[in-house]
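See structure below.
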Amino acid sequence: MRFYRYAAVAVIALAIVMFGVVQIAVPSQPVYTTVTNTIVQAPATTSEDSSIKISVGNGLGSGVHIGGGNIVTAAHVIDDAKTVKIKTNAGIESDATVLWVNKDYDIALIHTDGNVAGSSELDCREPRFGEQIQAVGNPLGMEFIASFGRVAGAGRQLGNWKRVVVTDMTTVMGQSGGGIFANDGRVVGINVGVTIAPLQSGKDAAGGAVYTPTMTGFGFVVPASVVCDLLARRASQ
């Protein structure tokens, strides 16, 4: 036993020589740890003050300010308008001019000379499958609402969109054009749509089924890689 005691002392001494300090913690009381299957994650961060509400006639949508008065939104929010009304997160209202619209990718760029307090940086990439993301927009007219989720499907051509990723976050009308943010607060996409699935709601007079469109919660997002490419093309013209 004495040999083992001396050997242990020798090992500790050698560690002190090699690494400088060795800390040995001996709890005075037993420590009990409960392991569960709960995963706790910090909420995503974003630049909420870069979020924009866009009003076009009787319709509305969302956008994100990327600096210099330039606001990215969805093309279908703008439609054929030449000017729109905007409202910032700080409550400042002003006009904005439509610079260009690309309906193939459902992306548009508008510009305002009004005061926009905050801006967010574009991260010119496609968000990864499973990545945690956050959206900020104006669903159903409620102003500057955030929703959280993950990328549920990799980029693809879908319907009228040449390139979108699928998300599992809550997405409803009014959020179109709003920014999709990664955990570092940079914009990785633009909200452009939501899945509409029919739900049987009853029967008609002839006994046939009546279906009502519903929103299933799957959203569609144009990746920031596409937005950056479109911006670069316009800048080179």
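Residues are referred to by chain and number: the chain letter is A, B, ... according to the order shown in the structure tokens, the number counts from 1 in that chain, and ligands are numbered separately from 1 in the order shown.
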
Report as a tab-separated table: every residue of range 98-133 of chain A with an atom at most 12 Å from range 192-200 of chain A, its closest pair of atoms, and their distance in Å to one decimal, counting only C-alpha atoms, with rows sorted by chain and ascending residue number.
```
residue	atom	partner	partner_atom	distance
A:Lys103	CA	A:Val192	CA	11.1
A:Asp104	CA	A:Val192	CA	11.9
A:Tyr105	CA	A:Val192	CA	9.4
A:Asp106	CA	A:Val192	CA	7.0
A:Ile107	CA	A:Val192	CA	8.3
A:Ala108	CA	A:Val192	CA	11.0
```

Using only N, CA, C and O atoms, please write the residues we just selected to a file, as a PDB file, in the first residue's frame.
```pdb
ATOM      1  N   LYS A 103     -39.838  38.273 -60.482  1.00  0.00           N
ATOM      2  CA  LYS A 103     -40.936  37.367 -60.151  1.00  0.00           C
ATOM      3  C   LYS A 103     -40.530  35.899 -60.247  1.00  0.00           C
ATOM      4  O   LYS A 103     -41.186  35.032 -59.648  1.00  0.00           O
ATOM      5  N   ASP A 104     -39.478  35.601 -61.007  1.00  0.00           N
ATOM      6  CA  ASP A 104     -39.013  34.210 -61.100  1.00  0.00           C
ATOM      7  C   ASP A 104     -38.532  33.693 -59.745  1.00  0.00           C
ATOM      8  O   ASP A 104     -38.730  32.526 -59.403  1.00  0.00           O
ATOM      9  N   TYR A 105     -37.885  34.580 -58.986  1.00  0.00           N
ATOM     10  CA  TYR A 105     -37.377  34.188 -57.666  1.00  0.00           C
ATOM     11  C   TYR A 105     -38.208  34.794 -56.533  1.00  0.00           C
ATOM     12  O   TYR A 105     -37.926  34.550 -55.370  1.00  0.00           O
ATOM     13  N   ASP A 106     -39.212  35.605 -56.898  1.00  0.00           N
ATOM     14  CA  ASP A 106     -40.098  36.239 -55.911  1.00  0.00           C
ATOM     15  C   ASP A 106     -39.343  37.151 -54.953  1.00  0.00           C
ATOM     16  O   ASP A 106     -39.578  37.142 -53.738  1.00  0.00           O
ATOM     17  N   ILE A 107     -38.431  37.939 -55.509  1.00  0.00           N
ATOM     18  CA  ILE A 107     -37.634  38.878 -54.713  1.00  0.00           C
ATOM     19  C   ILE A 107     -37.725  40.267 -55.343  1.00  0.00           C
ATOM     20  O   ILE A 107     -37.725  40.404 -56.567  1.00  0.00           O
ATOM     21  N   ALA A 108     -37.811  41.291 -54.481  1.00  0.00           N
ATOM     22  CA  ALA A 108     -37.838  42.678 -54.958  1.00  0.00           C
ATOM     23  C   ALA A 108     -36.970  43.534 -54.048  1.00  0.00           C
ATOM     24  O   ALA A 108     -36.709  43.183 -52.895  1.00  0.00           O
TER      25      ALA A 108
END
```

Sorted per-residue table, range 136-213 of chain A near range 75-98 of chain A, closest atoms and distance, 8 Å, only C-alpha atoms, as a tab-separated table:
```
residue	atom	partner	partner_atom	distance
A:Phe144	CA	A:Asn89	CA	6.8
A:Ser176	CA	A:Val77	CA	6.9
A:Gly177	CA	A:Val77	CA	7.0
```

Task: Who sits within 10 Å of range 47-52 of chain A, only C-alpha atoms, same chain under 2 positions skipped, as number ranges by chain - done: A: 45, 54-55, 61-67, 71-73, 86-93, 116-121, 135-138, 143-146, 177-179, 181, 184-187

Task: Polymer residues at most 7 Å from range 208-225 of chain A, only C-alpha atoms, same-chain spacing of 4 or more positions, as number ranges by chain - done: A: 122-127, 163-171, 187-204, 229

Would you mind exporting the chosen residues as a compact mmCIF listing (two decimals), in the first residue's frame, restricted to N, CA and C atoms?
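Heads up, here's the output in selection.txt:
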```txt
# COMPACT_ATOMS: atom_id res chain seq x y z
N LEU A 122 -26.66 40.76 -44.88
CA LEU A 122 -26.99 39.55 -45.64
C LEU A 122 -25.84 38.55 -45.53
N ASP A 123 -26.17 37.32 -45.17
CA ASP A 123 -25.20 36.23 -45.17
C ASP A 123 -25.45 35.43 -46.44
N CYS A 124 -24.61 35.61 -47.44
CA CYS A 124 -24.88 35.10 -48.79
C CYS A 124 -24.68 33.59 -48.88
N ARG A 125 -25.57 32.86 -48.23
CA ARG A 125 -25.51 31.40 -48.25
C ARG A 125 -26.93 30.84 -48.17
N GLU A 126 -27.02 29.54 -48.33
CA GLU A 126 -28.30 28.85 -48.18
C GLU A 126 -28.35 28.23 -46.79
N PRO A 127 -29.39 28.52 -45.99
CA PRO A 127 -29.45 27.94 -44.65
C PRO A 127 -29.46 26.42 -44.70
N ARG A 163 -36.01 28.67 -56.48
CA ARG A 163 -35.16 28.15 -55.41
C ARG A 163 -35.71 28.57 -54.06
N VAL A 164 -36.16 27.60 -53.27
CA VAL A 164 -36.61 27.88 -51.91
C VAL A 164 -36.17 26.73 -51.00
N VAL A 165 -36.04 27.04 -49.71
CA VAL A 165 -35.90 26.02 -48.69
C VAL A 165 -37.21 25.97 -47.92
N VAL A 166 -37.48 24.83 -47.28
CA VAL A 166 -38.72 24.63 -46.54
C VAL A 166 -38.43 24.78 -45.05
N THR A 167 -39.32 25.45 -44.31
CA THR A 167 -39.17 25.61 -42.88
C THR A 167 -40.36 25.01 -42.15
N ASP A 168 -40.16 24.71 -40.86
CA ASP A 168 -41.27 24.17 -40.06
C ASP A 168 -41.86 25.22 -39.13
N MET A 169 -41.50 26.48 -39.31
CA MET A 169 -41.98 27.53 -38.42
C MET A 169 -43.37 28.00 -38.83
N THR A 170 -44.06 28.66 -37.90
CA THR A 170 -45.36 29.23 -38.19
C THR A 170 -45.21 30.35 -39.21
N THR A 171 -45.92 30.22 -40.32
CA THR A 171 -45.85 31.22 -41.39
C THR A 171 -47.26 31.49 -41.87
N VAL A 187 -29.08 37.87 -42.02
CA VAL A 187 -30.20 37.41 -42.85
C VAL A 187 -29.74 36.26 -43.74
N VAL A 188 -30.44 35.12 -43.63
CA VAL A 188 -30.11 33.96 -44.46
C VAL A 188 -31.23 33.61 -45.44
N GLY A 189 -32.28 34.44 -45.47
CA GLY A 189 -33.36 34.17 -46.41
C GLY A 189 -34.48 35.18 -46.30
N ILE A 190 -35.43 35.07 -47.23
CA ILE A 190 -36.60 35.94 -47.26
C ILE A 190 -37.85 35.06 -47.34
N ASN A 191 -38.80 35.31 -46.45
CA ASN A 191 -40.07 34.58 -46.44
C ASN A 191 -40.86 34.87 -47.71
N VAL A 192 -41.35 33.82 -48.37
CA VAL A 192 -42.14 34.07 -49.59
C VAL A 192 -43.47 33.32 -49.63
N GLY A 193 -43.68 32.31 -48.77
CA GLY A 193 -44.94 31.58 -48.89
C GLY A 193 -45.17 30.57 -47.80
N VAL A 194 -46.34 29.95 -47.86
CA VAL A 194 -46.75 28.95 -46.87
C VAL A 194 -47.56 27.88 -47.57
N THR A 195 -47.51 26.68 -47.05
CA THR A 195 -48.27 25.57 -47.61
C THR A 195 -49.76 25.76 -47.35
N ILE A 196 -50.55 25.63 -48.38
CA ILE A 196 -52.00 25.68 -48.24
C ILE A 196 -52.54 24.28 -48.49
N ALA A 197 -53.14 23.68 -47.47
CA ALA A 197 -53.66 22.32 -47.61
C ALA A 197 -55.16 22.33 -47.37
N PRO A 198 -55.95 21.59 -48.18
CA PRO A 198 -57.41 21.58 -48.00
C PRO A 198 -57.82 20.72 -46.80
N LEU A 199 -58.81 21.20 -46.07
CA LEU A 199 -59.36 20.46 -44.93
C LEU A 199 -60.85 20.32 -45.15
N GLN A 200 -61.37 19.07 -45.08
CA GLN A 200 -62.79 18.86 -45.28
C GLN A 200 -63.57 19.54 -44.16
N SER A 201 -64.47 20.43 -44.56
CA SER A 201 -65.21 21.21 -43.57
C SER A 201 -66.71 20.91 -43.56
N GLY A 202 -67.14 20.00 -44.41
CA GLY A 202 -68.56 19.65 -44.44
C GLY A 202 -68.96 19.10 -45.78
N LYS A 203 -70.27 19.14 -46.05
CA LYS A 203 -70.80 18.63 -47.31
C LYS A 203 -71.73 19.67 -47.92
N ASP A 204 -71.79 19.66 -49.25
CA ASP A 204 -72.68 20.58 -49.93
C ASP A 204 -74.08 19.98 -50.05
N ASP A 229 -27.08 37.02 -55.21
CA ASP A 229 -26.81 36.87 -56.64
C ASP A 229 -27.64 37.86 -57.45
```

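Using only C-alpha atoms, the smallest distance between any of A:Met142, A:Val151, A:Ala235, A:Leu109 and Phe129 in chain A comes from A:Val151.
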
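Taking CA of Gly174 in chain A and CA of Val56 in chain A as endpoints, the distance between them is 11.6 Å.
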